[in-house]
Amino acid sequence: MPTLDRHENVFVLDLGDGENRFHPDWITAAGAALDEVEKAEGPRALVTTATGKFWSNGLDLEWLFANADHYQDYVVSVHQLFARMLSLPVMTVAALQGHTFAAGAMLSLAHDFRVMRADRGYWCLPEADIDIPFTPGMSALIRARLTPQTAHEAMTTARRYGGADAAAASIVDRAVPEAEVRATAVALAESLSGKAGNTLGTIKSRLYTEVLTTLRDTTNPMG
């Protein structure tokens, strides 16, 4: 389950040490952590990382298949998490120390910046290979955060990007050795911590108005 710590001006949200799939309880815990970050006062920023082989493997498909009658509510909760991160009134940095797939990759895109391990691990949107179409909200988020060329390739080919390739495609901002991922992300977050506040939140909300509107659609989230 996600856990939150604070190191001076930087909150560090650890998503867990497993595949960190989006189980409903996991989503609730992540949302509670974002509540704490948002309610804090003064300079602050957020780094989201994980422990182990995965940063996040995305949707909890096992839970979803066993609870198909809750499908729409589940999708709405995932969209809400994306929207919350995208519009959070603090600077956010995803420290991708491991595999970042599917909805996990989308959550990373909802952060302001991404630092990825250079030597191992992949960033991937595998939906074309697993026959799960992107929702309108997911598509809007990906298109808003990637170049058109990269979004097209990532979404239609399910390419697995290593750290160097992800940096070259501007999926991530920096690719660094494993031992430097978290420290690099924390240093970047610390340097931006003074920007936290209502003005930053307003800037983000207006910058991504269309994406947020689509993600917050609770009546027809799957199109």
# chains A, B, ... in the order shown; residues from 1 in each chain; ligands from 1
$ closest_atom_pairs --of "range 4-46 of chain A" --to "range 193-212 of chain A" --cutoff "7 Å" --atoms "only C-alpha atoms" --output "Markdown table"
| residue | atom | partner | partner_atom | distance |
| --- | --- | --- | --- | --- |
| A:Asn9 | CA | A:Ser193 | CA | 6.5 |
| A:Pro43 | CA | A:Gly194 | CA | 4.6 |
| A:Arg44 | CA | A:Ser193 | CA | 4.5 |
| A:Ala45 | CA | A:Ser193 | CA | 4.8 |
$ residues_around --residues "Asn57 in chain A" --least-positions-apart "5" --cutoff "7 Å" --atoms "only C-alpha atoms" --output "list in words"
Glu19, Asn20, Arg21, Thr100, Phe101, Ala102 and Gly104 of chain A
$ write_last_selection --atoms "N, CA, C and O atoms" --output "CSV table (one decimal), in the first residue's frame"
chain,number,residue,atom,x,y,z
A,19,GLU,N,3.5,-5.1,-7.5
A,19,GLU,CA,3.2,-4.5,-8.8
A,19,GLU,C,2.5,-3.2,-8.7
A,19,GLU,O,2.4,-2.5,-9.7
A,20,ASN,N,2.0,-2.9,-7.5
A,20,ASN,CA,1.4,-1.6,-7.3
A,20,ASN,C,0.3,-1.3,-8.3
A,20,ASN,O,0.2,-0.2,-8.8
A,21,ARG,N,-0.6,-2.3,-8.4
A,21,ARG,CA,-1.8,-2.2,-9.3
A,21,ARG,C,-2.8,-1.4,-8.5
A,21,ARG,O,-2.8,-1.3,-7.3
A,100,THR,N,7.0,0.6,-15.6
A,100,THR,CA,5.9,1.6,-15.5
A,100,THR,C,5.0,1.3,-16.7
A,100,THR,O,5.3,1.7,-17.8
A,101,PHE,N,3.8,0.6,-16.5
A,101,PHE,CA,3.0,0.1,-17.6
A,101,PHE,C,1.6,0.6,-17.4
A,101,PHE,O,1.1,0.8,-16.4
A,102,ALA,N,0.9,0.7,-18.6
A,102,ALA,CA,-0.5,0.9,-18.7
A,102,ALA,C,-1.0,2.1,-17.9
A,102,ALA,O,-0.4,3.2,-18.0
A,104,GLY,N,-0.4,2.7,-14.9
A,104,GLY,CA,0.8,3.2,-14.2
A,104,GLY,C,1.6,4.3,-15.0
A,104,GLY,O,2.0,5.3,-14.5
$ residues_around --residues "Trp123 in chain A" --least-positions-apart "4" --cutoff "9 Å" --atoms "only C-alpha atoms" --output "ChimeraX atom specification"
/A:96,98-102,104-105,116,159-163,166,171
$ residues_around --residues "Ala154 in chain A" --least-positions-apart "3" --cutoff "12 Å" --atoms "only C-alpha atoms" --output "JSON, numbers by chain"
{"A": [101, 102, 105, 106, 123, 124, 125, 126, 127, 128, 129, 134, 139, 142, 143, 146, 147, 148, 149, 150, 151, 157, 158, 159, 160, 161, 165, 166, 169, 170, 171]}
$ select_by_dssp --residues "range 14-205 of chain A" --states "strand (DSSP E or B)" --output "NGL selection string"
:A and (14 or 22 or 45-49 or 54-56 or 59 or 91-96 or 99-101 or 113-117 or 123-124 or 160-161 or 174-176)
$ atom_distance --atom1 "CA of Glu178 in chain A" --atom2 "CA of Arg117 in chain A"
5.1 Å
$ residues_around --residues "Ala103 in chain A" --least-positions-apart "4" --cutoff "9 Å" --atoms "only C-alpha atoms" --output "CSV table (one decimal) with N, CA and C atoms, in the first residue's frame"
chain,number,residue,atom,x,y,z
A,21,ARG,N,-0.6,-2.3,-8.4
A,21,ARG,CA,-1.8,-2.2,-9.3
A,21,ARG,C,-2.8,-1.4,-8.5
A,22,PHE,N,-3.7,-0.8,-9.3
A,22,PHE,CA,-4.7,0.1,-8.8
A,22,PHE,C,-5.9,-0.6,-8.1
A,56,SER,N,4.6,1.0,-11.2
A,56,SER,CA,3.2,0.5,-11.2
A,56,SER,C,2.9,-0.2,-12.5
A,57,ASN,N,2.1,-1.3,-12.3
A,57,ASN,CA,1.7,-2.1,-13.5
A,57,ASN,C,0.3,-1.8,-13.9
A,58,GLY,N,-0.3,-0.7,-13.3
A,58,GLY,CA,-1.6,-0.2,-13.8
A,58,GLY,C,-2.8,-0.8,-13.1
A,59,LEU,N,-3.9,-1.0,-13.9
A,59,LEU,CA,-5.2,-1.4,-13.3
A,59,LEU,C,-5.1,-2.8,-12.7
A,78,VAL,N,-10.2,5.8,-11.0
A,78,VAL,CA,-8.9,5.9,-11.7
A,78,VAL,C,-8.7,7.2,-12.3
A,107,LEU,N,-0.4,7.4,-15.0
A,107,LEU,CA,-0.2,8.2,-13.8
A,107,LEU,C,1.1,8.9,-13.8
A,108,SER,N,2.1,8.3,-14.3
A,108,SER,CA,3.4,9.0,-14.4
A,108,SER,C,3.3,10.3,-15.2
A,125,LEU,N,2.7,1.6,-22.8
A,125,LEU,CA,1.3,1.6,-22.9
A,125,LEU,C,0.9,0.3,-23.7
A,138,MET,N,-8.3,8.8,-20.6
A,138,MET,CA,-6.9,8.4,-20.8
A,138,MET,C,-6.2,8.9,-22.0
$ closest_residue --among "A:Asp173, A:Glu180, A:Asp14, A:Glu190" --to "Trp26 in chain A" --atoms "only C-alpha atoms"
A:Asp14
$ closest_residue --among "A:Ala175, A:Val47, A:Ala140, A:Leu13" --to "Ala94 in chain A" --atoms "only C-alpha atoms"
A:Val47
$ select_by_dssp --residues "range 4-218 of chain A" --states "helix (DSSP H, G or I)" --output "short mmCIF file (atom, residue, chain, number, x, y, z; two decimals) with N, CA and C atoms, in the first residue's frame"
data_model
loop_
_atom_site.label_atom_id
_atom_site.label_comp_id
_atom_site.auth_asym_id
_atom_site.auth_seq_id
_atom_site.Cartn_x
_atom_site.Cartn_y
_atom_site.Cartn_z
N PRO A 24 -8.90 -0.86 -5.49
CA PRO A 24 -9.65 0.25 -4.88
C PRO A 24 -9.07 0.75 -3.57
N ASP A 25 -8.59 -0.15 -2.72
CA ASP A 25 -8.00 0.28 -1.45
C ASP A 25 -6.70 1.05 -1.69
N TRP A 26 -5.96 0.64 -2.70
CA TRP A 26 -4.72 1.32 -3.07
C TRP A 26 -5.03 2.73 -3.56
N ILE A 27 -6.06 2.86 -4.37
CA ILE A 27 -6.46 4.17 -4.88
C ILE A 27 -6.88 5.08 -3.72
N THR A 28 -7.62 4.53 -2.78
CA THR A 28 -8.04 5.30 -1.60
C THR A 28 -6.84 5.80 -0.81
N ALA A 29 -5.87 4.91 -0.60
CA ALA A 29 -4.68 5.28 0.16
C ALA A 29 -3.87 6.36 -0.58
N ALA A 30 -3.75 6.23 -1.89
CA ALA A 30 -3.03 7.23 -2.66
C ALA A 30 -3.75 8.58 -2.59
N GLY A 31 -5.08 8.56 -2.66
CA GLY A 31 -5.84 9.79 -2.55
C GLY A 31 -5.68 10.46 -1.20
N ALA A 32 -5.64 9.66 -0.13
CA ALA A 32 -5.44 10.21 1.21
C ALA A 32 -4.08 10.88 1.33
N ALA A 33 -3.07 10.28 0.70
CA ALA A 33 -1.73 10.88 0.71
C ALA A 33 -1.74 12.23 -0.01
N LEU A 34 -2.43 12.30 -1.14
CA LEU A 34 -2.51 13.57 -1.87
C LEU A 34 -3.27 14.61 -1.06
N ASP A 35 -4.27 14.17 -0.30
CA ASP A 35 -4.97 15.09 0.61
C ASP A 35 -3.99 15.74 1.57
N GLU A 36 -3.11 14.92 2.15
CA GLU A 36 -2.16 15.42 3.13
C GLU A 36 -1.18 16.41 2.50
N VAL A 37 -0.72 16.09 1.29
CA VAL A 37 0.21 16.99 0.60
C VAL A 37 -0.48 18.32 0.30
N GLU A 38 -1.72 18.25 -0.18
CA GLU A 38 -2.43 19.46 -0.57
C GLU A 38 -2.74 20.34 0.63
N LYS A 39 -3.08 19.74 1.77
CA LYS A 39 -3.47 20.50 2.94
C LYS A 39 -2.28 21.11 3.69
N LEU A 61 -6.51 -5.77 -12.83
CA LEU A 61 -7.42 -6.50 -13.70
C LEU A 61 -8.04 -7.70 -13.01
N GLU A 62 -7.30 -8.33 -12.10
CA GLU A 62 -7.86 -9.47 -11.37
C GLU A 62 -9.06 -9.01 -10.54
N TRP A 63 -8.92 -7.90 -9.83
CA TRP A 63 -10.04 -7.39 -9.05
C TRP A 63 -11.18 -6.97 -9.97
N LEU A 64 -10.82 -6.34 -11.08
CA LEU A 64 -11.83 -5.81 -11.98
C LEU A 64 -12.67 -6.93 -12.60
N PHE A 65 -12.02 -8.01 -13.03
CA PHE A 65 -12.76 -9.13 -13.63
C PHE A 65 -13.66 -9.82 -12.60
N ALA A 66 -13.24 -9.79 -11.34
CA ALA A 66 -14.04 -10.40 -10.28
C ALA A 66 -15.16 -9.48 -9.80
N ALA A 68 -16.96 -7.12 -12.01
CA ALA A 68 -17.32 -6.47 -13.26
C ALA A 68 -18.49 -5.51 -13.11
N ASP A 69 -19.36 -5.74 -12.13
CA ASP A 69 -20.52 -4.86 -11.93
C ASP A 69 -20.11 -3.50 -11.39
N HIS A 70 -18.86 -3.36 -10.95
CA HIS A 70 -18.35 -2.08 -10.45
C HIS A 70 -17.42 -1.41 -11.46
N TYR A 71 -17.46 -1.87 -12.71
CA TYR A 71 -16.49 -1.41 -13.70
C TYR A 71 -16.50 0.11 -13.87
N GLN A 72 -17.69 0.69 -14.07
CA GLN A 72 -17.73 2.12 -14.32
C GLN A 72 -17.26 2.92 -13.12
N ASP A 73 -17.68 2.54 -11.92
CA ASP A 73 -17.23 3.25 -10.72
C ASP A 73 -15.72 3.14 -10.56
N TYR A 74 -15.18 1.99 -10.92
CA TYR A 74 -13.73 1.79 -10.81
C TYR A 74 -13.00 2.72 -11.78
N VAL A 75 -13.47 2.77 -13.03
CA VAL A 75 -12.85 3.65 -14.02
C VAL A 75 -12.92 5.10 -13.57
N VAL A 76 -14.06 5.50 -13.03
CA VAL A 76 -14.21 6.86 -12.52
C VAL A 76 -13.16 7.16 -11.44
N SER A 77 -12.93 6.20 -10.54
CA SER A 77 -11.96 6.41 -9.47
C SER A 77 -10.53 6.53 -10.01
N VAL A 78 -10.22 5.77 -11.05
CA VAL A 78 -8.90 5.86 -11.68
C VAL A 78 -8.74 7.22 -12.35
N HIS A 79 -9.77 7.64 -13.08
CA HIS A 79 -9.74 8.96 -13.73
C HIS A 79 -9.57 10.06 -12.69
N GLN A 80 -10.25 9.93 -11.56
CA GLN A 80 -10.15 10.95 -10.51
C GLN A 80 -8.73 11.04 -9.97
N LEU A 81 -8.06 9.90 -9.85
CA LEU A 81 -6.67 9.91 -9.39
C LEU A 81 -5.78 10.64 -10.40
N PHE A 82 -5.97 10.36 -11.68
CA PHE A 82 -5.20 11.05 -12.71
C PHE A 82 -5.44 12.56 -12.64
N ALA A 83 -6.72 12.95 -12.55
CA ALA A 83 -7.06 14.37 -12.52
C ALA A 83 -6.49 15.05 -11.28
N ARG A 84 -6.55 14.36 -10.18
CA ARG A 84 -6.04 14.91 -8.93
C ARG A 84 -4.54 15.19 -9.04
N MET A 85 -3.79 14.23 -9.56
CA MET A 85 -2.36 14.41 -9.70
C MET A 85 -2.04 15.50 -10.71
N LEU A 86 -2.76 15.53 -11.82
CA LEU A 86 -2.49 16.49 -12.88
C LEU A 86 -2.70 17.93 -12.41
N SER A 87 -3.66 18.13 -11.50
CA SER A 87 -4.00 19.48 -11.07
C SER A 87 -3.52 19.82 -9.66
N ALA A 103 -1.96 1.90 -17.01
CA ALA A 103 -2.44 3.01 -16.19
C ALA A 103 -1.34 3.57 -15.30
N GLY A 104 -0.36 2.75 -14.94
CA GLY A 104 0.79 3.25 -14.20
C GLY A 104 1.56 4.27 -15.03
N ALA A 105 1.74 3.99 -16.32
CA ALA A 105 2.41 4.93 -17.22
C ALA A 105 1.60 6.22 -17.33
N MET A 106 0.28 6.08 -17.37
CA MET A 106 -0.57 7.27 -17.44
C MET A 106 -0.46 8.09 -16.16
N LEU A 107 -0.41 7.43 -15.01
CA LEU A 107 -0.23 8.16 -13.76
C LEU A 107 1.09 8.91 -13.76
N SER A 108 2.12 8.32 -14.32
CA SER A 108 3.40 9.02 -14.39
C SER A 108 3.28 10.28 -15.25
N LEU A 109 2.48 10.21 -16.31
CA LEU A 109 2.29 11.37 -17.18
C LEU A 109 1.52 12.48 -16.49
N GLU A 127 -1.94 -1.33 -24.18
CA GLU A 127 -3.36 -1.56 -24.44
C GLU A 127 -3.64 -2.16 -25.81
N ALA A 128 -2.89 -1.79 -26.84
CA ALA A 128 -3.12 -2.35 -28.17
C ALA A 128 -2.85 -3.85 -28.22
N ASP A 129 -1.98 -4.33 -27.34
CA ASP A 129 -1.65 -5.76 -27.30
C ASP A 129 -2.58 -6.56 -26.41
N ILE A 130 -3.23 -5.90 -25.46
CA ILE A 130 -4.07 -6.64 -24.51
C ILE A 130 -5.56 -6.37 -24.74
N PRO A 136 -11.73 7.84 -23.17
CA PRO A 136 -11.52 9.22 -23.63
C PRO A 136 -10.62 10.02 -22.69
N GLY A 137 -10.79 9.82 -21.38
CA GLY A 137 -9.96 10.55 -20.43
C GLY A 137 -8.50 10.14 -20.51
N MET A 138 -8.26 8.85 -20.64
CA MET A 138 -6.89 8.37 -20.78
C MET A 138 -6.25 8.91 -22.04
N SER A 139 -6.98 8.85 -23.15
CA SER A 139 -6.46 9.36 -24.42
C SER A 139 -6.13 10.85 -24.31
N ALA A 140 -7.02 11.60 -23.68
CA ALA A 140 -6.80 13.04 -23.54
C ALA A 140 -5.55 13.32 -22.72
N LEU A 141 -5.35 12.58 -21.64
CA LEU A 141 -4.18 12.76 -20.79
C LEU A 141 -2.90 12.47 -21.57
N ILE A 142 -2.87 11.35 -22.27
CA ILE A 142 -1.67 10.96 -23.01
C ILE A 142 -1.35 11.98 -24.10
N ARG A 143 -2.36 12.39 -24.84
CA ARG A 143 -2.14 13.36 -25.93
C ARG A 143 -1.64 14.69 -25.39
N ALA A 144 -2.11 15.07 -24.20
CA ALA A 144 -1.71 16.36 -23.64
C ALA A 144 -0.27 16.36 -23.13
N ARG A 145 0.26 15.20 -22.79
CA ARG A 145 1.55 15.14 -22.13
C ARG A 145 2.68 14.60 -23.01
N PRO A 148 2.71 14.54 -30.47
CA PRO A 148 1.82 13.72 -31.30
C PRO A 148 2.49 12.46 -31.83
N GLN A 149 3.74 12.57 -32.26
CA GLN A 149 4.44 11.40 -32.80
C GLN A 149 4.64 10.32 -31.74
N THR A 150 5.06 10.74 -30.56
CA THR A 150 5.30 9.78 -29.49
C THR A 150 3.99 9.17 -29.00
N ALA A 151 2.96 10.00 -28.85
CA ALA A 151 1.67 9.48 -28.41
C ALA A 151 1.15 8.43 -29.40
N HIS A 152 1.27 8.72 -30.67
CA HIS A 152 0.80 7.77 -31.69
C HIS A 152 1.56 6.45 -31.60
N GLU A 153 2.88 6.53 -31.54
CA GLU A 153 3.68 5.31 -31.48
C GLU A 153 3.40 4.54 -30.20
N ALA A 154 3.40 5.23 -29.07
CA ALA A 154 3.21 4.55 -27.78
C ALA A 154 1.84 3.89 -27.69
N MET A 155 0.81 4.57 -28.19
CA MET A 155 -0.55 4.07 -28.04
C MET A 155 -0.89 2.98 -29.05
N THR A 156 -0.36 3.07 -30.27
CA THR A 156 -0.76 2.11 -31.31
C THR A 156 0.16 0.91 -31.44
N THR A 157 1.41 1.03 -31.00
CA THR A 157 2.35 -0.08 -31.17
C THR A 157 2.68 -0.79 -29.87
N GLY A 163 14.88 3.53 -20.52
CA GLY A 163 15.09 4.87 -20.01
C GLY A 163 15.66 5.84 -21.03
N ALA A 164 16.71 5.44 -21.75
CA ALA A 164 17.34 6.34 -22.72
C ALA A 164 16.37 6.67 -23.85
N ASP A 165 15.64 5.66 -24.34
CA ASP A 165 14.66 5.90 -25.41
C ASP A 165 13.51 6.76 -24.93
N ALA A 166 13.08 6.55 -23.69
CA ALA A 166 12.00 7.36 -23.14
C ALA A 166 12.43 8.82 -23.02
N ALA A 167 13.67 9.05 -22.64
CA ALA A 167 14.18 10.42 -22.56
C ALA A 167 14.27 11.04 -23.95
N ALA A 168 14.73 10.26 -24.93
CA ALA A 168 14.85 10.77 -26.30
C ALA A 168 13.49 11.14 -26.87
N GLU A 178 20.36 3.76 -11.68
CA GLU A 178 19.39 3.33 -10.67
C GLU A 178 19.58 4.03 -9.34
N ALA A 179 20.82 4.10 -8.88
CA ALA A 179 21.09 4.65 -7.55
C ALA A 179 20.80 6.14 -7.46
N GLU A 180 20.63 6.80 -8.59
CA GLU A 180 20.43 8.24 -8.60
C GLU A 180 18.99 8.66 -8.85
N VAL A 181 18.10 7.69 -9.12
CA VAL A 181 16.73 8.04 -9.52
C VAL A 181 16.02 8.86 -8.44
N ARG A 182 15.94 8.30 -7.23
CA ARG A 182 15.19 8.98 -6.18
C ARG A 182 15.87 10.30 -5.80
N ALA A 183 17.18 10.30 -5.65
CA ALA A 183 17.87 11.52 -5.25
C ALA A 183 17.72 12.63 -6.29
N THR A 184 17.77 12.26 -7.57
CA THR A 184 17.59 13.24 -8.64
C THR A 184 16.19 13.82 -8.59
N ALA A 185 15.19 12.95 -8.38
CA ALA A 185 13.81 13.42 -8.32
C ALA A 185 13.58 14.32 -7.12
N VAL A 186 14.14 13.96 -5.97
CA VAL A 186 13.98 14.77 -4.77
C VAL A 186 14.65 16.13 -4.94
N ALA A 187 15.84 16.16 -5.53
CA ALA A 187 16.53 17.42 -5.74
C ALA A 187 15.74 18.33 -6.68
N LEU A 188 15.18 17.75 -7.74
CA LEU A 188 14.36 18.54 -8.66
C LEU A 188 13.12 19.07 -7.95
N ALA A 189 12.46 18.20 -7.18
CA ALA A 189 11.27 18.63 -6.45
C ALA A 189 11.59 19.73 -5.45
N GLU A 190 12.68 19.58 -4.73
CA GLU A 190 13.09 20.59 -3.74
C GLU A 190 13.30 21.95 -4.42
N SER A 191 13.91 21.94 -5.59
CA SER A 191 14.20 23.18 -6.29
C SER A 191 12.93 23.90 -6.74
N SER A 193 9.92 23.58 -4.92
CA SER A 193 8.96 23.53 -3.82
C SER A 193 8.35 24.88 -3.48
N GLY A 194 9.05 25.96 -3.80
CA GLY A 194 8.53 27.29 -3.50
C GLY A 194 7.36 27.71 -4.37
N LYS A 195 7.06 26.95 -5.39
CA LYS A 195 5.97 27.30 -6.31
C LYS A 195 4.61 26.79 -5.85
N ASN A 198 -2.07 28.12 -4.48
CA ASN A 198 -3.27 28.26 -5.30
C ASN A 198 -2.98 28.72 -6.72
N THR A 199 -1.99 29.59 -6.88
CA THR A 199 -1.68 30.07 -8.23
C THR A 199 -1.22 28.93 -9.11
N LEU A 200 -0.34 28.08 -8.58
CA LEU A 200 0.12 26.93 -9.36
C LEU A 200 -1.06 26.02 -9.70
N GLY A 201 -1.94 25.78 -8.73
CA GLY A 201 -3.10 24.95 -9.00
C GLY A 201 -3.99 25.53 -10.09
N THR A 202 -4.16 26.84 -10.06
CA THR A 202 -4.97 27.50 -11.10
C THR A 202 -4.31 27.39 -12.46
N ILE A 203 -3.00 27.58 -12.51
CA ILE A 203 -2.27 27.46 -13.78
C ILE A 203 -2.45 26.06 -14.36
N LYS A 204 -2.28 25.05 -13.55
CA LYS A 204 -2.42 23.68 -14.03
C LYS A 204 -3.85 23.40 -14.49
N SER A 205 -4.82 23.85 -13.71
CA SER A 205 -6.22 23.59 -14.06
C SER A 205 -6.60 24.25 -15.37
N ARG A 206 -6.08 25.45 -15.62
CA ARG A 206 -6.38 26.13 -16.88
C ARG A 206 -5.56 25.58 -18.03
N LEU A 207 -4.35 25.13 -17.74
CA LEU A 207 -3.51 24.54 -18.77
C LEU A 207 -4.12 23.24 -19.30
N THR A 209 -7.50 22.23 -18.94
CA THR A 209 -8.96 22.30 -18.76
C THR A 209 -9.68 21.18 -19.47
N GLU A 210 -9.37 20.96 -20.74
CA GLU A 210 -10.09 19.96 -21.53
C GLU A 210 -9.82 18.55 -21.00
N VAL A 211 -8.58 18.27 -20.64
CA VAL A 211 -8.24 16.95 -20.11
C VAL A 211 -8.98 16.70 -18.80
N LEU A 212 -8.95 17.67 -17.92
CA LEU A 212 -9.59 17.52 -16.62
C LEU A 212 -11.10 17.36 -16.75
N THR A 213 -11.70 18.09 -17.67
CA THR A 213 -13.14 17.96 -17.90
C THR A 213 -13.48 16.55 -18.34
N THR A 214 -12.68 16.00 -19.24
CA THR A 214 -12.92 14.64 -19.73
C THR A 214 -12.70 13.61 -18.63
N LEU A 215 -11.64 13.77 -17.86
CA LEU A 215 -11.35 12.83 -16.77
C LEU A 215 -12.41 12.88 -15.69
#
